[in-house]
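*Asks:* Here you go, target.pdb (PDB, C-alpha atoms):
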```
ATOM      1  CA  MET F   5       0.000   0.000   0.000
ATOM      2  CA  THR F   6       2.791   2.313   0.921
ATOM      3  CA  THR F   7       4.652   1.419  -2.272
ATOM      4  CA  ASN F   8       1.628   2.183  -4.465
ATOM      5  CA  THR F   9       1.145   5.473  -2.673
ATOM      6  CA  GLN F  10       4.795   6.390  -3.185
ATOM      7  CA  ARG F  11       4.572   5.558  -6.911
ATOM      8  CA  ARG F  12       1.373   7.553  -7.284
ATOM      9  CA  GLY F  13       2.973  10.458  -5.498
ATOM     10  CA  ALA F  14       6.069  10.192  -7.653
ATOM     11  CA  VAL F  15       3.959  10.309 -10.766
ATOM     12  CA  GLN F  16       2.031  13.281  -9.480
ATOM     13  CA  ALA F  17       5.236  15.047  -8.469
ATOM     14  CA  SER F  18       6.904  14.671 -11.874
ATOM     15  CA  PRO F  19       7.148  17.992 -13.710
ATOM     16  CA  PRO F  20       4.831  18.531 -16.658
ATOM     17  CA  PRO F  21       6.393  18.130 -20.102
ATOM     18  CA  THR F  22       7.825  21.345 -21.414
ATOM     19  CA  THR F  23       6.268  22.665 -24.574
ATOM     20  CA  ARG F  24       8.073  24.955 -26.985
ATOM     21  CA  ALA F  25       6.557  28.356 -27.151
ATOM     22  CA  PRO F  26       5.094  29.095 -30.552
ATOM     23  CA  ARG F  27       7.361  31.309 -32.648
ATOM     24  CA  ASP F  28       5.984  34.614 -33.703
ATOM     25  CA  ALA F  29       5.018  34.390 -37.361
ATOM     26  CA  GLY F  30       6.435  37.829 -37.975
ATOM     27  CA  ALA F  31       9.856  37.086 -36.442
ATOM     28  CA  PRO F  32      12.681  36.453 -38.958
ATOM     29  CA  ARG F  33      14.000  32.883 -39.268
ATOM     30  CA  THR F  34      17.687  32.389 -38.475
ATOM     31  CA  ASP F  35      17.850  28.604 -39.010
ATOM     32  CA  GLY F  36      19.214  28.927 -42.572
ATOM     33  CA  PHE F  37      21.571  31.819 -41.856
ATOM     34  CA  TRP F  38      24.501  29.959 -40.297
ATOM     35  CA  PRO F  39      25.010  27.371 -43.075
ATOM     36  CA  TRP F  40      25.159  30.144 -45.664
ATOM     37  CA  LEU F  41      27.601  32.072 -43.481
ATOM     38  CA  PHE F  42      30.024  29.140 -43.439
ATOM     39  CA  VAL F  43      29.682  28.622 -47.201
ATOM     40  CA  LEU F  44      30.099  32.347 -47.939
ATOM     41  CA  PRO F  45      33.939  32.306 -48.289
ATOM     42  CA  LEU F  46      33.692  29.496 -50.841
ATOM     43  CA  LEU F  47      30.961  31.330 -52.765
ATOM     44  CA  ILE F  48      33.040  34.498 -52.805
ATOM     45  CA  GLY F  49      36.055  32.582 -54.124
ATOM     46  CA  VAL F  50      34.060  30.783 -56.830
ATOM     47  CA  GLY F  51      32.318  33.982 -57.867
ATOM     48  CA  THR F  52      35.529  36.023 -57.945
ATOM     49  CA  PHE F  53      37.881  33.562 -59.610
ATOM     50  CA  PHE F  54      35.509  31.467 -61.752
ATOM     51  CA  ILE F  55      32.074  32.922 -62.502
ATOM     52  CA  TRP F  56      33.080  36.571 -62.901
ATOM     53  CA  PRO F  57      36.031  35.836 -65.254
ATOM     54  CA  ILE F  58      33.711  33.752 -67.456
ATOM     55  CA  ILE F  59      31.177  36.587 -67.626
ATOM     56  CA  GLN F  60      33.915  39.123 -68.331
ATOM     57  CA  THR F  61      35.497  36.939 -71.034
ATOM     58  CA  PHE F  62      32.091  36.431 -72.648
ATOM     59  CA  TYR F  63      31.634  40.216 -72.803
ATOM     60  CA  TYR F  64      35.143  40.786 -74.160
ATOM     61  CA  SER F  65      34.476  38.307 -76.971
ATOM     62  CA  PHE F  66      32.030  40.835 -78.453
ATOM     63  CA  THR F  67      34.522  43.705 -78.366
ATOM     64  CA  SER F  68      37.607  44.906 -80.196
ATOM     65  CA  TRP F  69      40.551  46.377 -78.303
ATOM     66  CA  GLY F  70      42.910  49.057 -79.521
ATOM     67  CA  VAL F  71      46.638  49.277 -78.956
ATOM     68  CA  PHE F  72      46.241  51.660 -76.008
ATOM     69  CA  GLY F  73      43.473  49.709 -74.262
ATOM     70  CA  GLY F  74      40.322  51.284 -75.686
ATOM     71  CA  SER F  75      37.518  48.890 -76.614
ATOM     72  CA  SER F  76      34.496  49.036 -78.895
ATOM     73  CA  PHE F  77      31.526  46.700 -79.268
ATOM     74  CA  THR F  78      31.705  44.651 -82.478
ATOM     75  CA  GLY F  79      28.904  42.113 -82.013
ATOM     76  CA  ILE F  80      29.622  38.638 -83.344
ATOM     77  CA  ALA F  81      32.440  39.779 -85.631
ATOM     78  CA  ASN F  82      35.061  37.916 -83.596
ATOM     79  CA  TYR F  83      33.080  34.672 -83.797
ATOM     80  CA  VAL F  84      32.530  35.060 -87.547
ATOM     81  CA  ARG F  85      36.242  35.619 -88.007
ATOM     82  CA  LEU F  86      37.005  32.662 -85.757
ATOM     83  CA  VAL F  87      34.882  30.089 -87.586
ATOM     84  CA  THR F  88      36.403  31.167 -90.905
ATOM     85  CA  ASP F  89      39.996  30.931 -89.642
ATOM     86  CA  PRO F  90      41.701  27.674 -90.745
ATOM     87  CA  GLN F  91      44.005  27.892 -87.727
ATOM     88  CA  LEU F  92      41.042  27.151 -85.434
ATOM     89  CA  TYR F  93      40.432  23.769 -87.048
ATOM     90  CA  GLN F  94      44.139  22.954 -87.195
ATOM     91  CA  SER F  95      44.475  23.775 -83.491
ATOM     92  CA  LEU F  96      41.363  21.750 -82.673
ATOM     93  CA  LEU F  97      42.713  18.752 -84.599
ATOM     94  CA  ASN F  98      46.069  18.999 -82.813
ATOM     95  CA  THR F  99      44.342  19.187 -79.431
ATOM     96  CA  VAL F 100      42.183  16.153 -80.206
ATOM     97  CA  VAL F 101      45.210  14.131 -81.382
ATOM     98  CA  TYR F 102      47.126  15.065 -78.234
ATOM     99  CA  THR F 103      44.139  14.147 -76.039
ATOM    100  CA  VAL F 104      43.653  10.754 -77.703
ATOM    101  CA  ILE F 105      47.341   9.853 -77.323
ATOM    102  CA  VAL F 106      47.375  10.896 -73.658
ATOM    103  CA  LEU F 107      44.178   8.913 -72.988
ATOM    104  CA  LEU F 108      45.950   5.809 -74.275
ATOM    105  CA  GLY F 109      47.916   5.961 -71.055
ATOM    106  CA  ILE F 110      44.854   4.995 -68.990
ATOM    107  CA  PRO F 111      45.023   1.256 -69.907
ATOM    108  CA  ILE F 112      48.752   1.381 -69.148
ATOM    109  CA  ALA F 113      47.968   2.995 -65.784
ATOM    110  CA  VAL F 114      45.410   0.255 -65.027
ATOM    111  CA  TRP F 115      48.022  -2.407 -65.768
ATOM    112  CA  LEU F 116      50.674  -0.666 -63.647
ATOM    113  CA  ALA F 117      48.248  -0.149 -60.760
ATOM    114  CA  SER F 118      47.267  -3.830 -60.865
ATOM    115  CA  LEU F 119      50.910  -4.862 -60.979
ATOM    116  CA  LEU F 120      51.881  -2.662 -58.019
ATOM    117  CA  ASN F 121      48.848  -3.913 -56.104
ATOM    118  CA  THR F 122      50.160  -7.496 -56.198
ATOM    119  CA  PRO F 123      50.413  -8.874 -52.635
ATOM    120  CA  GLY F 124      53.973  -9.306 -51.433
ATOM    121  CA  LEU F 125      55.540  -7.113 -54.123
ATOM    122  CA  ARG F 126      58.753  -5.603 -52.766
ATOM    123  CA  PHE F 127      59.421  -1.856 -53.046
ATOM    124  CA  ALA F 128      55.874  -1.224 -54.317
ATOM    125  CA  GLN F 129      55.690   2.126 -52.523
ATOM    126  CA  PHE F 130      59.012   3.187 -54.029
ATOM    127  CA  TYR F 131      57.747   2.406 -57.532
ATOM    128  CA  ARG F 132      54.560   4.398 -56.899
ATOM    129  CA  VAL F 133      56.593   7.434 -55.880
ATOM    130  CA  LEU F 134      58.873   6.966 -58.883
ATOM    131  CA  PHE F 135      55.955   6.949 -61.320
ATOM    132  CA  PHE F 136      54.237   9.872 -59.564
ATOM    133  CA  LEU F 137      57.264  12.202 -59.624
ATOM    134  CA  PRO F 138      56.779  13.375 -63.254
ATOM    135  CA  TYR F 139      53.263  14.550 -62.416
ATOM    136  CA  VAL F 140      54.430  16.850 -59.601
ATOM    137  CA  ALA F 141      57.604  18.022 -61.366
ATOM    138  CA  MET F 142      57.746  21.441 -63.008
ATOM    139  CA  PRO F 143      56.579  21.271 -66.655
ATOM    140  CA  ALA F 144      59.472  23.515 -67.697
ATOM    141  CA  ALA F 145      62.002  21.087 -66.204
ATOM    142  CA  ILE F 146      60.296  18.112 -67.846
ATOM    143  CA  ALA F 147      60.219  19.913 -71.183
ATOM    144  CA  LEU F 148      63.898  20.836 -70.985
ATOM    145  CA  VAL F 149      64.938  17.230 -70.353
ATOM    146  CA  TRP F 150      62.754  15.830 -73.117
ATOM    147  CA  ARG F 151      63.819  18.564 -75.530
ATOM    148  CA  ILE F 152      67.394  17.300 -75.191
ATOM    149  CA  MET F 153      66.290  13.669 -75.461
ATOM    150  CA  PHE F 154      64.359  14.387 -78.687
ATOM    151  CA  ASN F 155      67.274  16.206 -80.310
ATOM    152  CA  GLY F 156      67.642  14.897 -83.853
ATOM    153  CA  ASP F 157      71.448  14.801 -83.816
ATOM    154  CA  PHE F 158      72.498  13.557 -80.379
ATOM    155  CA  GLY F 159      69.236  12.805 -78.544
ATOM    156  CA  ILE F 160      68.879   9.568 -76.632
ATOM    157  CA  VAL F 161      65.609   8.722 -78.421
ATOM    158  CA  ASN F 162      67.239   8.596 -81.855
ATOM    159  CA  SER F 163      70.250   6.810 -80.383
ATOM    160  CA  PHE F 164      67.926   4.115 -79.060
ATOM    161  CA  LEU F 165      66.172   3.803 -82.423
ATOM    162  CA  GLY F 166      69.579   3.513 -84.085
ATOM    163  CA  LEU F 167      70.209   0.289 -82.154
ATOM    164  CA  PHE F 168      67.484  -1.303 -84.286
ATOM    165  CA  GLY F 169      68.676   0.261 -87.528
ATOM    166  CA  ILE F 170      65.978   2.941 -87.525
ATOM    167  CA  GLN F 171      66.885   6.445 -88.662
ATOM    168  CA  GLY F 172      65.231   8.762 -86.166
ATOM    169  CA  PRO F 173      63.592  11.978 -87.400
ATOM    170  CA  TYR F 174      64.176  15.532 -86.282
ATOM    171  CA  TRP F 175      61.354  15.403 -83.763
ATOM    172  CA  ILE F 176      61.162  19.038 -82.738
ATOM    173  CA  SER F 177      61.502  20.582 -86.208
ATOM    174  CA  THR F 178      59.162  18.241 -88.116
ATOM    175  CA  PRO F 179      55.430  19.154 -87.834
ATOM    176  CA  GLY F 180      53.965  15.655 -87.512
ATOM    177  CA  PHE F 181      56.681  14.265 -85.265
ATOM    178  CA  ALA F 182      56.711  17.400 -83.092
ATOM    179  CA  LEU F 183      53.097  16.838 -82.056
ATOM    180  CA  VAL F 184      53.758  13.140 -81.427
ATOM    181  CA  ALA F 185      56.770  14.005 -79.272
ATOM    182  CA  VAL F 186      54.776  16.452 -77.140
ATOM    183  CA  SER F 187      51.927  13.933 -76.853
ATOM    184  CA  LEU F 188      54.254  11.180 -75.644
ATOM    185  CA  VAL F 189      55.665  13.512 -72.999
ATOM    186  CA  GLY F 190      52.110  14.358 -71.920
ATOM    187  CA  LEU F 191      51.257  10.657 -71.673
ATOM    188  CA  TRP F 192      54.390   9.972 -69.624
ATOM    189  CA  SER F 193      53.841  12.882 -67.225
ATOM    190  CA  SER F 194      50.166  12.037 -66.569
ATOM    191  CA  LEU F 195      50.749   8.316 -66.059
ATOM    192  CA  GLY F 196      51.636   8.625 -62.371
ATOM    193  CA  PHE F 197      48.476  10.509 -61.430
ATOM    194  CA  SER F 198      46.257   7.976 -63.197
ATOM    195  CA  MET F 199      48.127   5.079 -61.603
ATOM    196  CA  ILE F 200      47.748   6.490 -58.058
ATOM    197  CA  ILE F 201      43.991   7.097 -58.462
ATOM    198  CA  LEU F 202      43.408   3.671 -59.987
ATOM    199  CA  GLY F 203      45.584   2.024 -57.340
ATOM    200  CA  ALA F 204      43.407   3.555 -54.632
ATOM    201  CA  GLY F 205      40.350   2.194 -56.432
ATOM    202  CA  LEU F 206      41.862  -1.282 -56.550
ATOM    203  CA  LYS F 207      42.317  -1.308 -52.781
ATOM    204  CA  ASP F 208      38.551  -0.798 -52.364
ATOM    205  CA  ILE F 209      37.755  -4.044 -54.211
ATOM    206  CA  PRO F 210      37.037  -6.817 -51.649
ATOM    207  CA  PRO F 211      39.567  -9.679 -51.979
ATOM    208  CA  GLU F 212      36.750 -12.158 -51.313
ATOM    209  CA  LEU F 213      35.473 -11.527 -54.840
ATOM    210  CA  TYR F 214      38.764 -12.721 -56.327
ATOM    211  CA  GLU F 215      38.751 -15.763 -54.050
ATOM    212  CA  ALA F 216      35.213 -16.642 -55.140
ATOM    213  CA  ALA F 217      36.119 -16.183 -58.806
ATOM    214  CA  GLU F 218      39.187 -18.388 -58.363
ATOM    215  CA  LEU F 219      37.074 -21.110 -56.757
ATOM    216  CA  ASP F 220      34.783 -20.943 -59.779
ATOM    217  CA  GLY F 221      37.765 -21.639 -62.003
ATOM    218  CA  ALA F 222      38.106 -18.127 -63.452
ATOM    219  CA  SER F 223      41.467 -17.349 -65.021
ATOM    220  CA  ARG F 224      43.479 -14.224 -64.217
ATOM    221  CA  TRP F 225      42.216 -12.537 -67.363
ATOM    222  CA  ARG F 226      38.632 -13.496 -66.519
ATOM    223  CA  GLN F 227      39.016 -12.089 -63.005
ATOM    224  CA  PHE F 228      40.423  -8.866 -64.425
ATOM    225  CA  HIS F 229      37.627  -8.551 -67.003
ATOM    226  CA  SER F 230      34.709  -9.565 -64.754
ATOM    227  CA  VAL F 231      35.801  -8.281 -61.331
ATOM    228  CA  THR F 232      38.511  -5.643 -61.592
ATOM    229  CA  VAL F 233      37.296  -3.548 -64.520
ATOM    230  CA  PRO F 234      33.608  -3.267 -63.458
ATOM    231  CA  LEU F 235      34.452  -2.348 -59.859
ATOM    232  CA  LEU F 236      37.242  -0.034 -60.976
ATOM    233  CA  SER F 237      35.064   1.744 -63.544
ATOM    234  CA  PRO F 238      34.206   4.749 -61.270
ATOM    235  CA  SER F 239      37.921   5.448 -60.806
ATOM    236  CA  ILE F 240      38.563   4.961 -64.522
ATOM    237  CA  PHE F 241      35.775   7.411 -65.318
ATOM    238  CA  PHE F 242      37.223  10.003 -62.924
ATOM    239  CA  VAL F 243      40.661   9.670 -64.515
ATOM    240  CA  LEU F 244      39.068   9.913 -67.968
ATOM    241  CA  ILE F 245      37.321  13.194 -67.105
ATOM    242  CA  VAL F 246      40.351  14.794 -65.450
ATOM    243  CA  THR F 247      42.752  13.710 -68.206
ATOM    244  CA  THR F 248      40.463  14.955 -70.982
ATOM    245  CA  ILE F 249      40.001  18.380 -69.390
ATOM    246  CA  SER F 250      43.715  18.803 -68.686
ATOM    247  CA  SER F 251      44.644  17.646 -72.205
ATOM    248  CA  PHE F 252      42.383  20.262 -73.784
ATOM    249  CA  GLN F 253      44.353  22.863 -71.813
ATOM    250  CA  LEU F 254      47.672  21.889 -73.416
ATOM    251  CA  PHE F 255      50.072  24.821 -73.462
ATOM    252  CA  ASP F 256      53.097  24.582 -71.166
ATOM    253  CA  LEU F 257      54.646  21.419 -72.622
ATOM    254  CA  LEU F 258      54.069  22.603 -76.184
ATOM    255  CA  TYR F 259      55.549  26.024 -75.465
ATOM    256  CA  ALA F 260      58.569  24.732 -73.553
ATOM    257  CA  ILE F 261      59.483  21.782 -75.796
ATOM    258  CA  LEU F 262      59.011  23.414 -79.205
ATOM    259  CA  GLY F 263      59.567  27.071 -78.333
ATOM    260  CA  PRO F 264      57.430  30.049 -79.425
ATOM    261  CA  LEU F 265      59.560  30.814 -82.520
ATOM    262  CA  ASN F 266      59.651  27.270 -83.877
ATOM    263  CA  PRO F 267      58.467  27.278 -87.530
ATOM    264  CA  VAL F 268      56.368  24.149 -86.890
ATOM    265  CA  ILE F 269      54.197  25.950 -84.304
ATOM    266  CA  PRO F 270      51.335  26.806 -86.740
ATOM    267  CA  LYS F 271      51.058  23.105 -87.622
ATOM    268  CA  THR F 272      51.265  21.885 -84.011
ATOM    269  CA  MET F 273      49.447  24.706 -82.200
ATOM    270  CA  SER F 274      46.861  23.681 -79.590
ATOM    271  CA  LEU F 275      43.672  25.601 -78.811
ATOM    272  CA  VAL F 276      45.144  27.217 -75.707
ATOM    273  CA  PHE F 277      48.328  28.098 -77.610
ATOM    274  CA  TYR F 278      46.083  29.624 -80.289
ATOM    275  CA  PHE F 279      44.407  31.680 -77.562
ATOM    276  CA  TYR F 280      47.788  32.761 -76.147
ATOM    277  CA  ASN F 281      49.162  33.678 -79.564
ATOM    278  CA  SER F 282      46.114  35.787 -80.424
ATOM    279  CA  GLY F 283      45.802  37.575 -77.091
ATOM    280  CA  PHE F 284      49.380  38.046 -75.899
ATOM    281  CA  VAL F 285      51.453  37.985 -79.096
ATOM    282  CA  ASP F 286      49.078  39.643 -81.561
ATOM    283  CA  GLY F 287      47.360  41.738 -78.866
ATOM    284  CA  ASP F 288      43.863  40.909 -80.160
ATOM    285  CA  LYS F 289      42.098  40.515 -76.811
ATOM    286  CA  GLY F 290      38.564  40.345 -78.178
ATOM    287  CA  PHE F 291      39.436  37.589 -80.632
ATOM    288  CA  ALA F 292      41.338  35.720 -77.908
ATOM    289  CA  ALA F 293      38.286  35.971 -75.642
ATOM    290  CA  ALA F 294      36.175  34.378 -78.390
ATOM    291  CA  ILE F 295      38.693  31.516 -78.600
ATOM    292  CA  ALA F 296      38.527  31.097 -74.823
ATOM    293  CA  MET F 297      34.737  30.834 -74.933
ATOM    294  CA  VAL F 298      34.958  28.183 -77.665
ATOM    295  CA  ILE F 299      37.424  26.184 -75.543
ATOM    296  CA  PHE F 300      35.129  26.503 -72.524
ATOM    297  CA  LEU F 301      32.138  25.374 -74.598
ATOM    298  CA  LEU F 302      33.989  22.394 -76.089
ATOM    299  CA  ILE F 303      35.182  21.163 -72.694
ATOM    300  CA  GLY F 304      31.652  21.535 -71.313
ATOM    301  CA  ILE F 305      30.097  19.590 -74.212
ATOM    302  CA  ILE F 306      32.667  16.778 -73.997
ATOM    303  CA  THR F 307      32.194  16.517 -70.224
ATOM    304  CA  VAL F 308      28.402  16.327 -70.556
ATOM    305  CA  ILE F 309      28.707  13.625 -73.232
ATOM    306  CA  GLN F 310      31.061  11.614 -71.033
ATOM    307  CA  PHE F 311      28.651  11.831 -68.096
ATOM    308  CA  ARG F 312      25.786  10.678 -70.314
ATOM    309  CA  VAL F 313      27.739   7.755 -71.741
ATOM    310  CA  GLN F 314      29.165   6.669 -68.369
ATOM    311  CA  LYS F 315      25.743   5.366 -67.307
ATOM    312  CA  LYS F 316      26.219   2.503 -69.771
ATOM    313  CA  TRP F 317      29.578   1.245 -68.481
ATOM    314  CA  VAL F 318      30.322   2.716 -65.052
ATOM    315  CA  GLN F 319      29.138   0.490 -62.214
ATOM    316  CA  SER F 320      27.805   2.530 -59.318
TER
END
```
How does this structure look as structure tokens?
*Replies:*
Amino acid sequence: MTTNTQRRGAVQASPPPTTRAPRDAGAPRTDGFWPWLFVLPLLIGVGTFFIWPIIQTFYYSFTSWGVFGGSSFTGIANYVRLVTDPQLYQSLLNTVVYTVIVLLGIPIAVWLASLLNTPGLRFAQFYRVLFFLPYVAMPAAIALVWRIMFNGDFGIVNSFLGLFGIQGPYWISTPGFALVAVSLVGLWSSLGFSMIILGAGLKDIPPELYEAAELDGASRWRQFHSVTVPLLSPSIFFVLIVTTISSFQLFDLLYAILGPLNPVIPKTMSLVFYFYNSGFVDGDKGFAAAIAMVIFLLIGIITVIQFRVQKKWVQS
């Protein structure tokens, strides 16, 4: 009896549940203020260094600039001149060729990443660092070394070809070979980045899947085709996007290996080099802005197409 009375009293003595006072409908909400405050520095940076330059470049593409900095509105004259300039299509072709050759390094990077991911491989970390060094090295230093190696008279590349009885060309002074030489350097320098990203993707694949495939009698090639490639496809797609965008921005290697006064430049000029030559050498800022907008549009279109196509082969 006493226990029941104590429980009843305890229940009666418990404080009533607190209820939140209704907020005044006219009072301003502050719930969404703090998230925007924390994001504000990022928005300022993106707006200042990305969105505003695009808007400004788009405006400049409709103007013509004088020698002393004065500008006048010319409408679509720069774009009409651009689409009728044969150098645009030559530069676009060179950029596409360079991009395709550099993208051929992705299968090589997949093979290297798989090889370095082999259990028990000695000095694997050392090899990863060795392959990654060209990616973080200064492009000017890389270009200087390869410029010497591609020398037609005493370069190591032609000396190596001579061991097989092959007469090496003058790589830097021959239009077709000059672009191939720059493309091979681009492939070599981007290989380490692709290998590191793909190697990280390989470590996320559960080893139990390989054990199950081996129990089913799957060969190494079958395991690679049915297990590795599908599960590695998100990493491959990321490398594909990054490599394509960076390849369309080719300038530093081309400028440093061939040199701005090389007579083969018009035949090996990339889109960004075309932009640089028009804006900084010829001083035609409005025309250069039109080239920049075309480059921006092309990269955007290619990226959208890649994202659309990836749904058919990238395993989420």
*Asks:* So which residues touch Gln314 (chain F) within 12 Å, counting only C-alpha atoms, skipping near sequence neighbours fewer than 3 positions away, as a PyMOL selection string?
*Replies:* chain F and resi 234+237-242+244-245+307-311+317-320
*Asks:* Give the answer as one residue: which of F:Leu235, F:Leu258, F:Val87, F:Leu134 has the shortest atom-to-atom distance to Leu120 (chain F), using all atoms listed in the file?
*Replies:*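 Of F:Leu235, F:Leu258, F:Val87, F:Leu134, the one nearest Leu120 (chain F) is F:Leu134, counting all atoms listed in the file.
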*Asks:* CA of Phe62 (chain F) to CA of Thr99 (chain F): how many Å, to one decimal?
*Replies:*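 Going from CA of Phe62 (chain F) over to CA of Thr99 (chain F), I get 22.2 Å.
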*Asks:* Carefully work through the PyMOL selection byres ((chain F and resi 58-61) around 8) for this structure and note down the residues it includes, as a PyMOL selection string.
*Replies:* chain F and resi 54-57+62-65+293-294+296-297
*Asks:* For Val84 (chain F), find every residue with an atom within 12 Å (counting all atoms listed in the file), except residues of its own chain fewer than 5 positions away, and show them as an mmCIF file with C-alpha atoms, keeping the file's coordinate frame.
*Replies:*
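Wrote it out as part.cif, contents follow:
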```
data_model
loop_
_atom_site.group_PDB
_atom_site.id
_atom_site.type_symbol
_atom_site.label_atom_id
_atom_site.label_comp_id
_atom_site.auth_asym_id
_atom_site.auth_seq_id
_atom_site.Cartn_x
_atom_site.Cartn_y
_atom_site.Cartn_z
ATOM 1 C CA SER F 65 34.476 38.307 -76.971
ATOM 2 C CA PHE F 66 32.030 40.835 -78.453
ATOM 3 C CA THR F 78 31.705 44.651 -82.478
ATOM 4 C CA GLY F 79 28.904 42.113 -82.013
ATOM 5 C CA ASP F 89 39.996 30.931 -89.642
ATOM 6 C CA LEU F 92 41.042 27.151 -85.434
ATOM 7 C CA PHE F 291 39.436 37.589 -80.632
ATOM 8 C CA ALA F 294 36.175 34.378 -78.390
ATOM 9 C CA ILE F 295 38.693 31.516 -78.600
#
```
*Asks:* Out of F:Leu254, F:Ile176, F:Leu86, F:Val231, which residue has the shortest atom-to-atom distance to Tyr214 (chain F) when counting only C-alpha atoms?
*Replies:*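 Smallest separation from Tyr214 (chain F) among the options: F:Val231.
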*Asks:* Pick from F:Gly159, F:Pro45, F:Gly190, F:Pro173: nearest to Phe252 (chain F), with all atoms listed in the file counted?
*Replies:*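 So, comparing all the options, the nearest one is F:Gly190.
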*Asks:* When distances are computed from all atoms listed in the file, which of F:Gly290, F:Gly49, F:Gly156, F:Gly109 shows the smallest separation from Tyr174 (chain F)?
*Replies:*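 Residue with the minimum atom-to-atom distance to Tyr174 (chain F): F:Gly156.
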